[in-house]
Every structure is written in C-alpha cells, then in structure tokens.
>>> print(open('coords19.json').read())   # JSON, C-alpha atoms and all ligand atoms
[["chain", "number", "residue", "atom", "x", "y", "z"],
["A", 1308, "MET", "CA", -41.24, 32.57, 83.90],
["A", 1309, "GLU", "CA", -38.56, 30.26, 85.19],
["A", 1310, "LEU", "CA", -39.10, 27.57, 87.84],
["A", 1311, "PHE", "CA", -36.24, 26.36, 90.04],
["A", 1312, "ARG", "CA", -36.47, 23.17, 92.08],
["A", 1313, "THR", "CA", -32.99, 23.05, 93.63],
["A", 1314, "LYS", "CA", -30.80, 25.29, 95.75],
["A", 1315, "SER", "CA", -27.95, 25.00, 93.24],
["A", 1316, "GLU", "CA", -30.17, 26.44, 90.49],
["A", 1317, "VAL", "CA", -31.04, 29.33, 92.82],
["A", 1318, "MET", "CA", -27.37, 29.92, 93.62],
["A", 1319, "LEU", "CA", -26.51, 30.19, 89.91],
["A", 1320, "PHE", "CA", -29.47, 32.54, 89.40],
["A", 1321, "ARG", "CA", -28.35, 34.67, 92.36],
["A", 1322, "ARG", "CA", -24.85, 34.94, 90.95],
["A", 1323, "SER", "CA", -26.11, 36.09, 87.55],
["A", 1324, "VAL", "CA", -28.38, 38.72, 89.16],
["A", 1325, "ARG", "CA", -25.47, 40.01, 91.23],
["A", 1326, "ASP", "CA", -23.05, 40.00, 88.28],
["A", 1327, "SER", "CA", -25.48, 42.08, 86.24],
["A", 1328, "LYS", "CA", -25.90, 44.46, 89.24],
["A", 1329, "ARG", "CA", -29.70, 44.12, 89.24],
["A", 1330, "SER", "CA", -31.72, 44.47, 92.44],
["A", 1331, "LEU", "CA", -33.54, 41.38, 93.69],
["A", 1332, "GLY", "CA", -36.88, 41.25, 95.53],
["A", 1333, "LEU", "CA", -38.05, 38.11, 97.34],
["A", 1334, "VAL", "CA", -41.66, 37.12, 98.06],
["A", 1335, "PRO", "CA", -41.70, 34.02, 100.31],
["A", 1336, "THR", "CA", -45.01, 32.12, 100.28],
["A", 1337, "MET", "CA", -46.48, 28.75, 101.13],
["A", 1338, "GLY", "CA", -48.49, 28.75, 97.89],
["A", 1339, "ALA", "CA", -52.30, 28.58, 97.53],
["A", 1340, "LEU", "CA", -51.80, 32.08, 96.20],
["A", 1341, "HIS", "CA", -54.52, 34.74, 96.50],
["A", 1342, "GLN", "CA", -54.77, 38.45, 95.73],
["A", 1343, "GLY", "CA", -52.86, 39.30, 98.94],
["A", 1344, "HIS", "CA", -49.82, 37.39, 97.67],
["A", 1345, "LEU", "CA", -50.20, 38.89, 94.20],
["A", 1346, "GLU", "CA", -50.08, 42.38, 95.69],
["A", 1347, "LEU", "CA", -46.80, 41.51, 97.43],
["A", 1348, "VAL", "CA", -45.50, 40.34, 94.05],
["A", 1349, "GLY", "CA", -46.71, 43.54, 92.35],
["A", 1350, "ARG", "CA", -45.01, 45.69, 94.97],
["A", 1351, "ALA", "CA", -41.79, 43.68, 94.64],
["A", 1352, "LEU", "CA", -41.89, 44.08, 90.83],
["A", 1353, "SER", "CA", -42.30, 47.84, 91.18],
["A", 1354, "GLU", "CA", -39.29, 48.17, 93.52],
["A", 1355, "ASN", "CA", -36.79, 45.62, 92.11],
["A", 1356, "GLN", "CA", -35.37, 44.69, 88.73],
["A", 1357, "VAL", "CA", -35.72, 40.96, 89.38],
["A", 1358, "VAL", "CA", -38.30, 39.18, 91.58],
["A", 1359, "LEU", "CA", -38.18, 35.64, 92.94],
["A", 1360, "VAL", "CA", -41.27, 34.06, 94.55],
["A", 1361, "THR", "CA", -40.79, 31.00, 96.74],
["A", 1362, "ILE", "CA", -43.54, 28.41, 97.15],
["A", 1363, "PHE", "CA", -42.85, 25.99, 99.97],
["A", 1364, "VAL", "CA", -45.25, 24.56, 102.56],
["A", 1365, "ASN", "CA", -42.80, 24.57, 105.43],
["A", 1366, "PRO", "CA", -43.51, 21.50, 107.65],
["A", 1367, "THR", "CA", -41.60, 22.74, 110.71],
["A", 1368, "GLN", "CA", -43.87, 25.74, 111.30],
["A", 1369, "PHE", "CA", -46.97, 23.55, 111.71],
["A", 1370, "ASN", "CA", -47.43, 22.57, 115.33],
["A", 1371, "ASN", "CA", -50.42, 20.44, 114.34],
["A", 1372, "PRO", "CA", -49.87, 17.57, 111.83],
["A", 1373, "GLU", "CA", -53.52, 17.65, 110.72],
["A", 1374, "ASP", "CA", -53.19, 21.36, 109.91],
["A", 1375, "LEU", "CA", -50.12, 20.60, 107.76],
["A", 1376, "GLU", "CA", -51.94, 17.81, 105.97],
["A", 1377, "LYS", "CA", -55.01, 19.98, 105.26],
["A", 1378, "TYR", "CA", -53.01, 23.03, 104.14],
["A", 1379, "PRO", "CA", -54.08, 23.80, 100.54],
["A", 1380, "ARG", "CA", -51.52, 22.97, 97.83],
["A", 1381, "SER", "CA", -51.98, 24.08, 94.22],
["A", 1382, "LEU", "CA", -48.62, 24.52, 92.50],
["A", 1383, "GLU", "CA", -49.89, 24.50, 88.89],
["A", 1384, "ALA", "CA", -52.65, 27.03, 89.63],
["A", 1385, "ASP", "CA", -50.14, 29.16, 91.57],
["A", 1386, "LEU", "CA", -47.75, 29.19, 88.61],
["A", 1387, "ASP", "CA", -50.61, 30.26, 86.30],
["A", 1388, "LYS", "CA", -51.51, 33.11, 88.64],
["A", 1389, "LEU", "CA", -47.90, 34.29, 88.78],
["A", 1390, "ARG", "CA", -47.53, 34.02, 84.99],
["A", 1391, "ALA", "CA", -50.60, 36.24, 84.63],
["A", 1392, "VAL", "CA", -48.93, 38.91, 86.80],
["A", 1393, "SER", "CA", -45.64, 38.82, 84.90],
["A", 1394, "ASP", "CA", -43.85, 36.34, 82.74],
["A", 1395, "SER", "CA", -40.53, 37.73, 83.94],
["A", 1396, "LEU", "CA", -40.90, 36.27, 87.45],
["A", 1397, "PHE", "CA", -38.65, 33.56, 88.86],
["A", 1398, "VAL", "CA", -40.11, 30.89, 91.15],
["A", 1399, "PHE", "CA", -38.37, 28.56, 93.60],
["A", 1400, "ALA", "CA", -40.55, 25.59, 94.63],
["A", 1401, "PRO", "CA", -38.31, 23.06, 96.39],
["A", 1402, "GLU", "CA", -39.20, 19.66, 97.80],
["A", 1403, "ILE", "CA", -38.96, 19.22, 101.57],
["A", 1404, "SER", "CA", -35.76, 17.17, 101.19],
["A", 1405, "GLU", "CA", -34.12, 20.04, 99.29],
["A", 1406, "MET", "CA", -34.61, 22.46, 102.20],
["A", 1407, "TYR", "CA", -34.17, 20.04, 105.12],
["A", 1408, "GLN", "CA", -32.07, 17.12, 103.84],
["A", 1409, "ASP", "CA", -32.75, 14.16, 106.15],
["A", 1410, "GLN", "CA", -33.69, 16.09, 109.32],
["A", 1411, "VAL", "CA", -37.00, 17.93, 109.16],
["A", 1412, "VAL", "CA", -36.49, 19.95, 112.34],
["A", 1413, "SER", "CA", -36.31, 23.62, 113.23],
["A", 1414, "ARG", "CA", -33.54, 25.53, 114.98],
["A", 1415, "PRO", "CA", -34.33, 27.10, 118.35],
["A", 1416, "TYR", "CA", -34.43, 30.92, 118.36],
["A", 1417, "ASP", "CA", -34.60, 33.57, 121.02],
["A", 1418, "PHE", "CA", -36.70, 36.38, 119.56],
["A", 1419, "ASP", "CA", -36.54, 38.45, 122.72],
["A", 1420, "GLY", "CA", -40.13, 37.81, 123.84],
["A", 1421, "LEU", "CA", -41.72, 38.57, 120.45],
["A", 1422, "ASP", "CA", -42.49, 34.85, 120.13],
["A", 1423, "ALA", "CA", -43.81, 34.37, 123.69],
["A", 1424, "VAL", "CA", -47.26, 35.85, 123.09],
["A", 1425, "MET", "CA", -50.29, 35.26, 120.83],
["A", 1426, "GLU", "CA", -49.33, 32.93, 117.95],
["A", 1427, "GLY", "CA", -46.16, 31.92, 119.79],
["A", 1428, "ALA", "CA", -48.09, 31.01, 122.94],
["A", 1429, "HIS", "CA", -50.85, 29.16, 121.06],
["A", 1430, "ARG", "CA", -48.70, 27.40, 118.46],
["A", 1431, "PRO", "CA", -45.63, 26.03, 120.27],
["A", 1432, "GLY", "CA", -42.58, 25.86, 117.99],
["A", 1433, "HIS", "CA", -44.30, 27.76, 115.17],
["A", 1434, "PHE", "CA", -41.87, 30.68, 115.11],
["A", 1435, "ASP", "CA", -38.81, 28.43, 115.37],
["A", 1436, "GLY", "CA", -40.11, 26.82, 112.16],
["A", 1437, "VAL", "CA", -40.74, 30.18, 110.51],
["A", 1438, "GLY", "CA", -37.29, 31.43, 111.62],
["A", 1439, "THR", "CA", -35.59, 28.29, 110.30],
["A", 1440, "ILE", "CA", -37.09, 28.48, 106.82],
["A", 1441, "VAL", "CA", -36.92, 32.26, 106.45],
["A", 1442, "GLU", "CA", -33.28, 32.33, 107.57],
["A", 1443, "ALA", "CA", -32.49, 29.51, 105.10],
["A", 1444, "LEU", "CA", -34.25, 31.36, 102.25],
["A", 1445, "LEU", "CA", -32.73, 34.76, 103.03],
["A", 1446, "SER", "CA", -29.22, 33.27, 103.34],
["A", 1447, "LEU", "CA", -29.59, 31.34, 100.09],
["A", 1448, "ILE", "CA", -31.23, 34.05, 98.00],
["A", 1449, "LEU", "CA", -29.65, 37.17, 99.56],
["A", 1450, "PRO", "CA", -32.39, 39.50, 98.29],
["A", 1451, "ASP", "CA", -32.13, 43.27, 98.54],
["A", 1452, "ARG", "CA", -35.74, 43.38, 99.76],
["A", 1453, "ALA", "CA", -38.16, 40.76, 101.11],
["A", 1454, "TYR", "CA", -41.92, 41.32, 101.23],
["A", 1455, "PHE", "CA", -44.26, 40.15, 104.00],
["A", 1456, "GLY", "CA", -47.95, 40.86, 104.64],
["A", 1457, "GLU", "CA", -49.13, 42.61, 107.81],
["A", 1458, "LYS", "CA", -51.85, 39.98, 108.26],
["A", 1459, "ASP", "CA", -49.10, 37.95, 109.94],
["A", 1460, "TYR", "CA", -47.95, 41.00, 111.88],
["A", 1461, "GLN", "CA", -46.25, 39.02, 114.65],
["A", 1462, "GLN", "CA", -44.37, 37.01, 112.03],
["A", 1463, "LEU", "CA", -43.32, 40.26, 110.35],
["A", 1464, "GLN", "CA", -41.87, 41.63, 113.62],
["A", 1465, "ILE", "CA", -40.07, 38.32, 114.23],
["A", 1466, "ILE", "CA", -38.57, 38.28, 110.74],
["A", 1467, "ARG", "CA", -37.33, 41.86, 111.22],
["A", 1468, "LYS", "CA", -35.70, 40.70, 114.45],
["A", 1469, "LEU", "CA", -34.23, 37.63, 112.73],
["A", 1470, "ALA", "CA", -32.61, 39.72, 109.98],
["A", 1471, "GLN", "CA", -31.18, 42.06, 112.61],
["A", 1472, "MET", "CA", -29.91, 39.22, 114.89],
["A", 1473, "ARG", "CA", -28.29, 37.33, 112.01],
["A", 1474, "ARG", "CA", -27.04, 40.55, 110.36],
["A", 1475, "ILE", "CA", -28.68, 39.65, 107.06],
["A", 1476, "PRO", "CA", -28.46, 42.75, 104.84],
["A", 1477, "VAL", "CA", -32.04, 42.79, 103.59],
["A", 1478, "GLU", "CA", -34.79, 45.37, 103.77],
["A", 1479, "ILE", "CA", -37.91, 43.75, 105.21],
["A", 1480, "VAL", "CA", -40.86, 45.44, 103.50],
["A", 1481, "PRO", "CA", -44.24, 45.29, 105.32],
["A", 1482, "CYS", "CA", -47.32, 45.28, 103.06],
["A", 1483, "PRO", "CA", -50.90, 46.16, 104.12],
["A", 1484, "ILE", "CA", -53.52, 43.47, 104.72],
["A", 1485, "VAL", "CA", -55.63, 42.76, 101.62],
["A", 1486, "ARG", "CA", -59.30, 42.12, 102.37],
["A", 1487, "GLU", "CA", -62.28, 40.61, 100.62],
["A", 1488, "ALA", "CA", -65.13, 43.07, 99.87],
["A", 1489, "ASP", "CA", -66.83, 42.07, 103.16],
["A", 1490, "GLY", "CA", -63.69, 42.70, 105.23],
["A", 1491, "LEU", "CA", -62.37, 39.14, 105.67],
["A", 1492, "ALA", "CA", -58.57, 39.26, 105.54],
["A", 1493, "MET", "CA", -57.31, 37.25, 102.56],
["A", 1494, "SER", "CA", -55.65, 34.00, 103.58],
["A", 1495, "SER", "CA", -54.92, 30.66, 101.95],
["A", 1496, "ARG", "CA", -56.88, 29.08, 104.80],
["A", 1497, "ASN", "CA", -60.10, 30.87, 103.74],
["A", 1498, "ALA", "CA", -60.47, 28.21, 101.03],
["A", 1499, "LEU", "CA", -60.98, 25.65, 103.83],
["A", 1500, "LEU", "CA", -63.98, 27.49, 105.37],
["A", 1501, "PRO", "CA", -67.24, 25.52, 105.13],
["A", 1502, "PRO", "CA", -69.40, 27.43, 102.58],
["A", 1503, "SER", "CA", -72.28, 27.55, 105.07],
["A", 1504, "LEU", "CA", -70.12, 29.58, 107.50],
["A", 1505, "ARG", "CA", -68.30, 31.82, 105.02],
["A", 1506, "ASP", "CA", -70.70, 34.73, 105.53],
["A", 1507, "LYS", "CA", -69.95, 34.70, 109.29],
["A", 1508, "ALA", "CA", -66.22, 35.26, 108.76],
["A", 1509, "PRO", "CA", -66.30, 39.11, 108.49],
["A", 1510, "PHE", "CA", -67.34, 39.18, 112.15],
["A", 1511, "ILE", "CA", -63.62, 39.10, 113.01],
["A", 1512, "HIS", "CA", -62.89, 42.26, 111.05],
["A", 1513, "ASN", "CA", -66.04, 43.90, 112.44],
["A", 1514, "CYS", "CA", -64.73, 43.28, 115.97],
["A", 1515, "LEU", "CA", -61.39, 44.82, 115.03],
["A", 1516, "GLN", "CA", -63.12, 47.88, 113.60],
["A", 1517, "LEU", "CA", -65.19, 48.17, 116.78],
["A", 1518, "THR", "CA", -61.95, 48.00, 118.78],
["A", 1519, "GLN", "CA", -60.49, 50.78, 116.66],
["A", 1520, "SER", "CA", -63.53, 52.97, 117.26],
["A", 1521, "LEU", "CA", -63.51, 52.34, 121.05],
["A", 1522, "PHE", "CA", -59.76, 52.75, 121.48],
["A", 1523, "GLY", "CA", -59.85, 56.57, 121.80],
["A", 1524, "THR", "CA", -62.36, 56.59, 124.66],
["A", 1525, "LYS", "CA", -62.43, 53.22, 126.48],
["A", 1526, "SER", "CA", -59.82, 51.47, 128.62],
["A", 1527, "VAL", "CA", -57.98, 48.40, 127.30],
["A", 1528, "PRO", "CA", -59.65, 45.98, 129.81],
["A", 1529, "LYS", "CA", -63.08, 47.40, 128.95],
["A", 1530, "ILE", "CA", -62.50, 46.91, 125.19],
["A", 1531, "GLU", "CA", -61.17, 43.39, 125.75],
["A", 1532, "GLN", "CA", -64.26, 42.54, 127.78],
["A", 1533, "THR", "CA", -66.56, 43.98, 125.08],
["A", 1534, "ILE", "CA", -64.93, 41.92, 122.33],
["A", 1535, "GLN", "CA", -64.83, 38.73, 124.41],
["A", 1536, "GLU", "CA", -68.54, 39.14, 125.12],
["A", 1537, "ALA", "CA", -69.23, 39.70, 121.41],
["A", 1538, "PHE", "CA", -67.45, 36.41, 120.56],
["A", 1539, "ALA", "CA", -69.31, 34.63, 123.35],
["A", 1540, "GLY", "CA", -72.54, 35.60, 121.56],
["A", 1541, "GLU", "CA", -71.37, 33.93, 118.31],
["A", 1542, "PRO", "CA", -71.47, 30.16, 118.89],
["A", 1543, "ASP", "CA", -69.91, 29.37, 115.48],
["A", 1544, "PHE", "CA", -66.67, 31.00, 116.64],
["A", 1545, "ASP", "CA", -64.16, 29.64, 119.08],
["A", 1546, "LEU", "CA", -62.03, 32.59, 120.21],
["A", 1547, "GLU", "CA", -58.38, 31.65, 120.92],
["A", 1548, "TYR", "CA", -57.23, 35.14, 121.86],
["A", 1549, "PHE", "CA", -58.10, 38.77, 121.51],
["A", 1550, "GLN", "CA", -55.20, 40.99, 122.50],
["A", 1551, "ILE", "CA", -54.36, 44.68, 122.38],
["A", 1552, "ALA", "CA", -50.59, 44.95, 122.25],
["A", 1553, "GLU", "CA", -47.78, 47.43, 121.64],
["A", 1554, "ALA", "CA", -47.07, 47.34, 117.90],
["A", 1555, "ALA", "CA", -43.27, 47.32, 118.28],
["A", 1556, "THR", "CA", -42.73, 44.88, 121.15],
["A", 1557, "LEU", "CA", -46.06, 42.95, 120.99],
["A", 1558, "LYS", "CA", -46.24, 43.27, 124.79],
["A", 1559, "PRO", "CA", -49.87, 43.18, 125.98],
["A", 1560, "ALA", "CA", -51.10, 46.72, 126.57],
["A", 1561, "ARG", "CA", -52.19, 47.43, 130.13],
["A", 1562, "ARG", "CA", -52.95, 51.11, 129.69],
["A", 1563, "LYS", "CA", -52.50, 53.47, 126.77],
["A", 1564, "GLU", "CA", -49.32, 55.56, 126.56],
["A", 1565, "ALA", "CA", -49.46, 58.58, 124.27],
["A", 1566, "GLU", "CA", -46.16, 57.98, 122.45],
["A", 1567, "LYS", "CA", -46.75, 54.28, 121.70],
["A", 1568, "GLN", "CA", -48.42, 52.59, 118.74],
["A", 1569, "TYR", "CA", -50.91, 49.82, 119.46],
["A", 1570, "ARG", "CA", -52.58, 47.06, 117.45],
["A", 1571, "ALA", "CA", -55.40, 44.64, 118.20],
["A", 1572, "PHE", "CA", -54.92, 40.96, 117.34],
["A", 1573, "VAL", "CA", -57.43, 38.11, 117.03],
["A", 1574, "ALA", "CA", -57.18, 34.37, 116.47],
["A", 1575, "ALA", "CA", -60.42, 32.41, 116.27],
["A", 1576, "ARG", "CA", -61.70, 29.17, 114.79],
["A", 1577, "LEU", "CA", -64.70, 29.15, 112.52],
["A", 1578, "GLY", "CA", -65.90, 25.72, 111.36],
["A", 1579, "GLY", "CA", -62.59, 24.31, 112.60],
["A", 1580, "VAL", "CA", -60.56, 26.73, 110.44],
["A", 1581, "ARG", "CA", -58.13, 28.94, 112.32],
["A", 1582, "LEU", "CA", -58.31, 32.58, 111.22],
["A", 1583, "ILE", "CA", -56.09, 35.44, 112.38],
["A", 1584, "ASP", "CA", -56.36, 39.16, 111.79],
["A", 1585, "ASN", "CA", -55.14, 42.44, 113.27],
["A", 1586, "ILE", "CA", -55.59, 46.19, 112.98],
["A", 1587, "ALA", "CA", -53.66, 49.36, 113.85],
["A", 1588, "LEU", "CA", -55.39, 51.31, 116.61],
["A", 1589, "ASN", "CA", -53.63, 54.69, 116.61],
["A", 1601, "LIG", "O1", -46.28, 33.70, 105.75],
["A", 1601, "LIG", "C1", -46.01, 32.62, 105.18],
["A", 1601, "LIG", "O2", -46.58, 32.27, 104.15],
["A", 1601, "LIG", "C2", -44.94, 31.72, 105.77],
["A", 1601, "LIG", "O3", -44.96, 31.77, 107.16],
["A", 1601, "LIG", "C3", -43.53, 32.04, 105.23],
["A", 1601, "LIG", "C4", -43.07, 33.42, 105.62],
["A", 1601, "LIG", "C5", -43.53, 31.90, 103.71],
["A", 1601, "LIG", "C6", -42.53, 31.04, 105.82],
["A", 1601, "LIG", "O4", -42.88, 29.72, 105.50]]
>>> encode(input="coords19.json", output="structure tokens")
Amino acid sequence: MELFRTKSEVMLFRRSVRDSKRSLGLVPTMGALHQGHLELVGRALSENQVVLVTIFVNPTQFNNPEDLEKYPRSLEADLDKLRAVSDSLFVFAPEISEMYQDQVVSRPYDFDGLDAVMEGAHRPGHFDGVGTIVEALLSLILPDRAYFGEKDYQQLQIIRKLAQMRRIPVEIVPCPIVREADGLAMSSRNALLPPSLRDKAPFIHNCLQLTQSLFGTKSVPKIEQTIQEAFAGEPDFDLEYFQIAEAATLKPARRKEAEKQYRAFVAARLGGVRLIDNIALN
C-alpha cells in the first residue's frame, strides 16, 4: 500500500495510472473507517484496476466546531484496515494546509434546492464544505468512478449534481447502506455513542422500517405524525427531522404520485451524538 501526503504526489500517481491506461476508482472518506467504508473499497476494487482512498477530516463541512473537534481520528488503524483489504490500495491523507493553503473556507454553491432541506437546513454551510472538498478531490484525482454510501443520500444527490454542474467526467457510484446486526446504520459517529445508550440506537431504523410498511396504505402526513409521536415517546432521542421526500429532487412529499420514487429521512440525537439514516419507500 502506498500513502501520499501531498497533491504533487497524487498528480504524479494520476499521470502514471493514465499513461498505463488503467481505470481508477476513488473512495473519499473522513477516516475512522468501518465496514461500510470497506464495502465501498471492495466495490471499487472489483470495478477498477487501481483504487485510491482519501482520508481527510474536512473542516469546512462542520458547522459546529465542537463536532469537528470530537470527530474520531485514527489514521494508523485506518491504514491497517485498508491493508487488510488489499495491499495494492493507494491512500491520500493530506494535512488541512495541503487542501486549503492559508484560507480554510468553502466556496458557495447553488445545488438547485437539493441543499435547502434536511441536512442543508439543519447544518448551515455543510454542503458548501462538502462541495468544496469533493470538487477539489475529483479535479485533482480525475477518477473514472467515485463511490459514495447511500447513508448520506442527500450528499450523494448533491455530489451527482456537482459533477454534472462542473462537467467532471466521473461516474458517481451509489452504494447501499451497511448496517449493524441490530439495524443501526454504520457510521464513524457510532463510536461516540455512550455505551449505556447504544442498544437504543436501532430505534431509528425501526422507525424507518415502520414507515416503509405504512407507506402503501397511509397518507404522508399520517405517517409523519406516527413517527413524530414514536420519537416523542423516547426521551433519550432528540428528533431533528423526519421527512418523506422525493428521492430525485429531495422535495418534501405532500402526497404520493405513482411514477415517483420516495425515501424517508431521519436525523436525531442520541446521547448528544447526531445520527442520520434513510430508507427507500417504493
Ligand atoms: O461522506 C464523507 O465521509 C464526507 O462527507 C466526504 C464525502 C468524504 C467529504 O468530506
């Protein structure tokens, strides 16, 4: 496995991959790797001749400084996990100054309303930060394919839009959510959950499954009311939003239209840790 720390090393690597006409897959991460990340890596290895994983805790996508400070960091353990998947991987783990020089700020984007709802509404500036770093990585690395998990479904839609707006010739590959045995969606933040509350966490997925089962027969407002009441009965949770939305546009669903795809989205705090999850409804 080879570890790059600078953009110039990555540029040389990119040139050699292109010169040898090999396909390149990119898996962007913020580290604290778990099985969900490793499945993205496995998929990228199966579809590309060369795979580069980036590990970078991007400061501009954190709207809350305390959240940035608490975000788990474990570079050595991450490298061991990647080595165990394949010794042929390449890893880019830059310092903040390498990606941002002296100005750690994001660029403003217009994602055509995709960023106005849910995570965008609750985490001001978050998607400008994501757009800034993902555009920088895609433009530097120029992968043939880039892999993103559906747990961050809104992010996935925004990155698709970004690639289209900036005409970056990359295939954005969505990958299914990976869950713990009890249904909790895998996330680097799960490591921050207080152990005494960990067994409460699957409640989020249970609510999403309930939504899925009600979706065929109940109205959207009725389902939203049911789920909000369920959260109100769980004092350990602080519900930020529960939203049924069109899968393509992320517009809140008012009523169901036969030809459209819908998903349900949740963000909630448990023991002060912010968890998000979503599910396809039809
Ligand atoms: O999903 C993540 O881990 C991050 O938002 C990403 C895409 C690596 C950008 O920092």
>>> closest_atom_pairs(input="coords19.json", of="chain A", to="ligand LIG 1601 (chain A)", cutoff="8 Å", atoms="all atoms listed in the file", output="CSV")
residue,atom,partner,partner_atom,distance
A:Val1334,CA,A:LIG1601,C5,7.9
A:Pro1335,CA,A:LIG1601,C5,4.4
A:Thr1336,CA,A:LIG1601,C5,3.7
A:Met1337,CA,A:LIG1601,O2,4.6
A:Gly1338,CA,A:LIG1601,O2,7.4
A:Thr1361,CA,A:LIG1601,C5,7.5
A:Ile1362,CA,A:LIG1601,C5,7.4
A:Phe1363,CA,A:LIG1601,O4,6.7
A:Val1364,CA,A:LIG1601,O4,6.4
A:Asn1365,CA,A:LIG1601,O4,5.2
A:Gln1368,CA,A:LIG1601,O4,7.1
A:Gly1436,CA,A:LIG1601,O4,7.8
A:Val1437,CA,A:LIG1601,C6,5.1
A:Gly1438,CA,A:LIG1601,C6,7.8
A:Ile1440,CA,A:LIG1601,O4,6.1
A:Val1441,CA,A:LIG1601,C6,5.8
A:Phe1455,CA,A:LIG1601,O1,7.0
A:Gly1456,CA,A:LIG1601,O1,7.4
A:Asp1459,CA,A:LIG1601,O1,6.6
A:Gln1462,CA,A:LIG1601,O3,7.2
>>> closest_atom_pairs(input="coords19.json", of="region 1438-1516 of chain A", to="region 1396-1411 of chain A", cutoff="10 Å", atoms="all atoms listed in the file", output="JSON lines")
{"residue": "A:Thr1439", "atom": "CA", "partner": "A:Tyr1407", "partner_atom": "CA", "distance": 9.8}
{"residue": "A:Ile1440", "atom": "CA", "partner": "A:Met1406", "partner_atom": "CA", "distance": 8.0}
{"residue": "A:Ala1443", "atom": "CA", "partner": "A:Met1406", "partner_atom": "CA", "distance": 7.9}
{"residue": "A:Leu1444", "atom": "CA", "partner": "A:Met1406", "partner_atom": "CA", "distance": 8.9}
>>> write_last_selection(input="coords19.json", atoms="C-alpha atoms", output="short mmCIF file (atom, residue, chain, number, x, y, z; two decimals), in the frame of the given file")
data_model
loop_
_atom_site.label_atom_id
_atom_site.label_comp_id
_atom_site.auth_asym_id
_atom_site.auth_seq_id
_atom_site.Cartn_x
_atom_site.Cartn_y
_atom_site.Cartn_z
CA THR A 1439 -35.59 28.29 110.30
CA ILE A 1440 -37.09 28.48 106.82
CA ALA A 1443 -32.49 29.51 105.10
CA LEU A 1444 -34.25 31.36 102.25
#
>>> residues_around(input="coords19.json", residues="Ala1508 (chain A)", least_positions_apart="3", cutoff="8 Å", atoms="only C-alpha atoms", output="NGL selection string")
:A and (1491 or 1504-1505 or 1511 or 1577)
>>> closest_residue(input="coords19.json", among="A:Pro1528, A:Pro1559, A:Pro1366, A:Gly1523", to="Val1424 (chain A)", atoms="all atoms listed in the file")
A:Pro1559
>>> atom_distance(input="coords19.json", atom1="CA of His1433 (chain A)", atom2="CA of Thr1367 (chain A)")
7.2 Å
>>> closest_residue(input="coords19.json", among="A:Gln1461, A:Ser1495, A:Thr1524, A:Asn1355", to="Arg1570 (chain A)", atoms="only C-alpha atoms")
A:Gln1461
>>> atom_distance(input="coords19.json", atom1="CA of Val1580 (chain A)", atom2="CA of Ile1484 (chain A)")
19.0 Å
>>> closest_residue(input="coords19.json", among="A:Leu1345, A:Val1357, A:Leu1375, A:Val1480", to="Asp1387 (chain A)", atoms="all atoms listed in the file")
A:Leu1345
>>> atom_distance(input="coords19.json", atom1="CA of Ala1552 (chain A)", atom2="CA of Pro1372 (chain A)")
29.3 Å
>>> decode(input="coords19.json", residues="region 1569-1574 of chain A", atoms="all heavy atoms", output="CSV table (one decimal), in the first residue's frame")
chain,number,residue,atom,x,y,z
A,1569,TYR,N,-39.8,7.5,-3.6
A,1569,TYR,CA,-39.8,8.3,-2.4
A,1569,TYR,C,-38.8,7.6,-1.4
A,1569,TYR,O,-38.6,6.4,-1.4
A,1569,TYR,CB,-41.1,8.4,-1.7
A,1569,TYR,CG,-42.1,9.2,-2.6
A,1569,TYR,CD1,-43.0,8.5,-3.5
A,1569,TYR,CD2,-42.2,10.5,-2.5
A,1569,TYR,CE1,-43.8,9.2,-4.3
A,1569,TYR,CE2,-43.1,11.3,-3.2
A,1569,TYR,CZ,-43.9,10.6,-4.2
A,1569,TYR,OH,-44.8,11.3,-5.0
A,1570,ARG,N,-38.2,8.4,-0.5
A,1570,ARG,CA,-37.4,7.9,0.6
A,1570,ARG,C,-37.8,8.6,1.9
A,1570,ARG,O,-38.3,9.8,1.8
A,1570,ARG,CB,-35.9,8.2,0.4
A,1570,ARG,CG,-35.3,7.4,-0.7
A,1570,ARG,CD,-33.8,7.6,-0.8
A,1570,ARG,NE,-33.0,6.7,0.0
A,1570,ARG,CZ,-32.6,5.5,-0.5
A,1570,ARG,NH1,-32.8,5.2,-1.8
A,1570,ARG,NH2,-31.8,4.8,0.3
A,1571,ALA,N,-37.6,8.0,3.0
A,1571,ALA,CA,-37.8,8.6,4.3
A,1571,ALA,C,-36.4,8.9,4.9
A,1571,ALA,O,-35.5,8.1,4.8
A,1571,ALA,CB,-38.6,7.7,5.2
A,1572,PHE,N,-36.3,10.1,5.6
A,1572,PHE,CA,-35.0,10.5,6.1
A,1572,PHE,C,-35.2,10.9,7.6
A,1572,PHE,O,-36.2,11.5,7.9
A,1572,PHE,CB,-34.5,11.8,5.4
A,1572,PHE,CG,-34.3,11.5,3.9
A,1572,PHE,CD1,-35.3,11.6,3.0
A,1572,PHE,CD2,-33.0,11.2,3.4
A,1572,PHE,CE1,-35.1,11.3,1.6
A,1572,PHE,CE2,-32.8,11.0,2.1
A,1572,PHE,CZ,-33.8,11.1,1.2
A,1573,VAL,N,-34.2,10.5,8.4
A,1573,VAL,CA,-34.3,10.9,9.8
A,1573,VAL,C,-32.9,11.5,10.2
A,1573,VAL,O,-31.9,11.0,9.8
A,1573,VAL,CB,-34.5,9.7,10.7
A,1573,VAL,CG1,-34.5,10.1,12.2
A,1573,VAL,CG2,-35.8,9.0,10.4
A,1574,ALA,N,-33.0,12.5,11.1
A,1574,ALA,CA,-31.8,12.9,11.9
A,1574,ALA,C,-32.2,13.1,13.3
A,1574,ALA,O,-33.3,13.7,13.6
A,1574,ALA,CB,-31.2,14.3,11.3
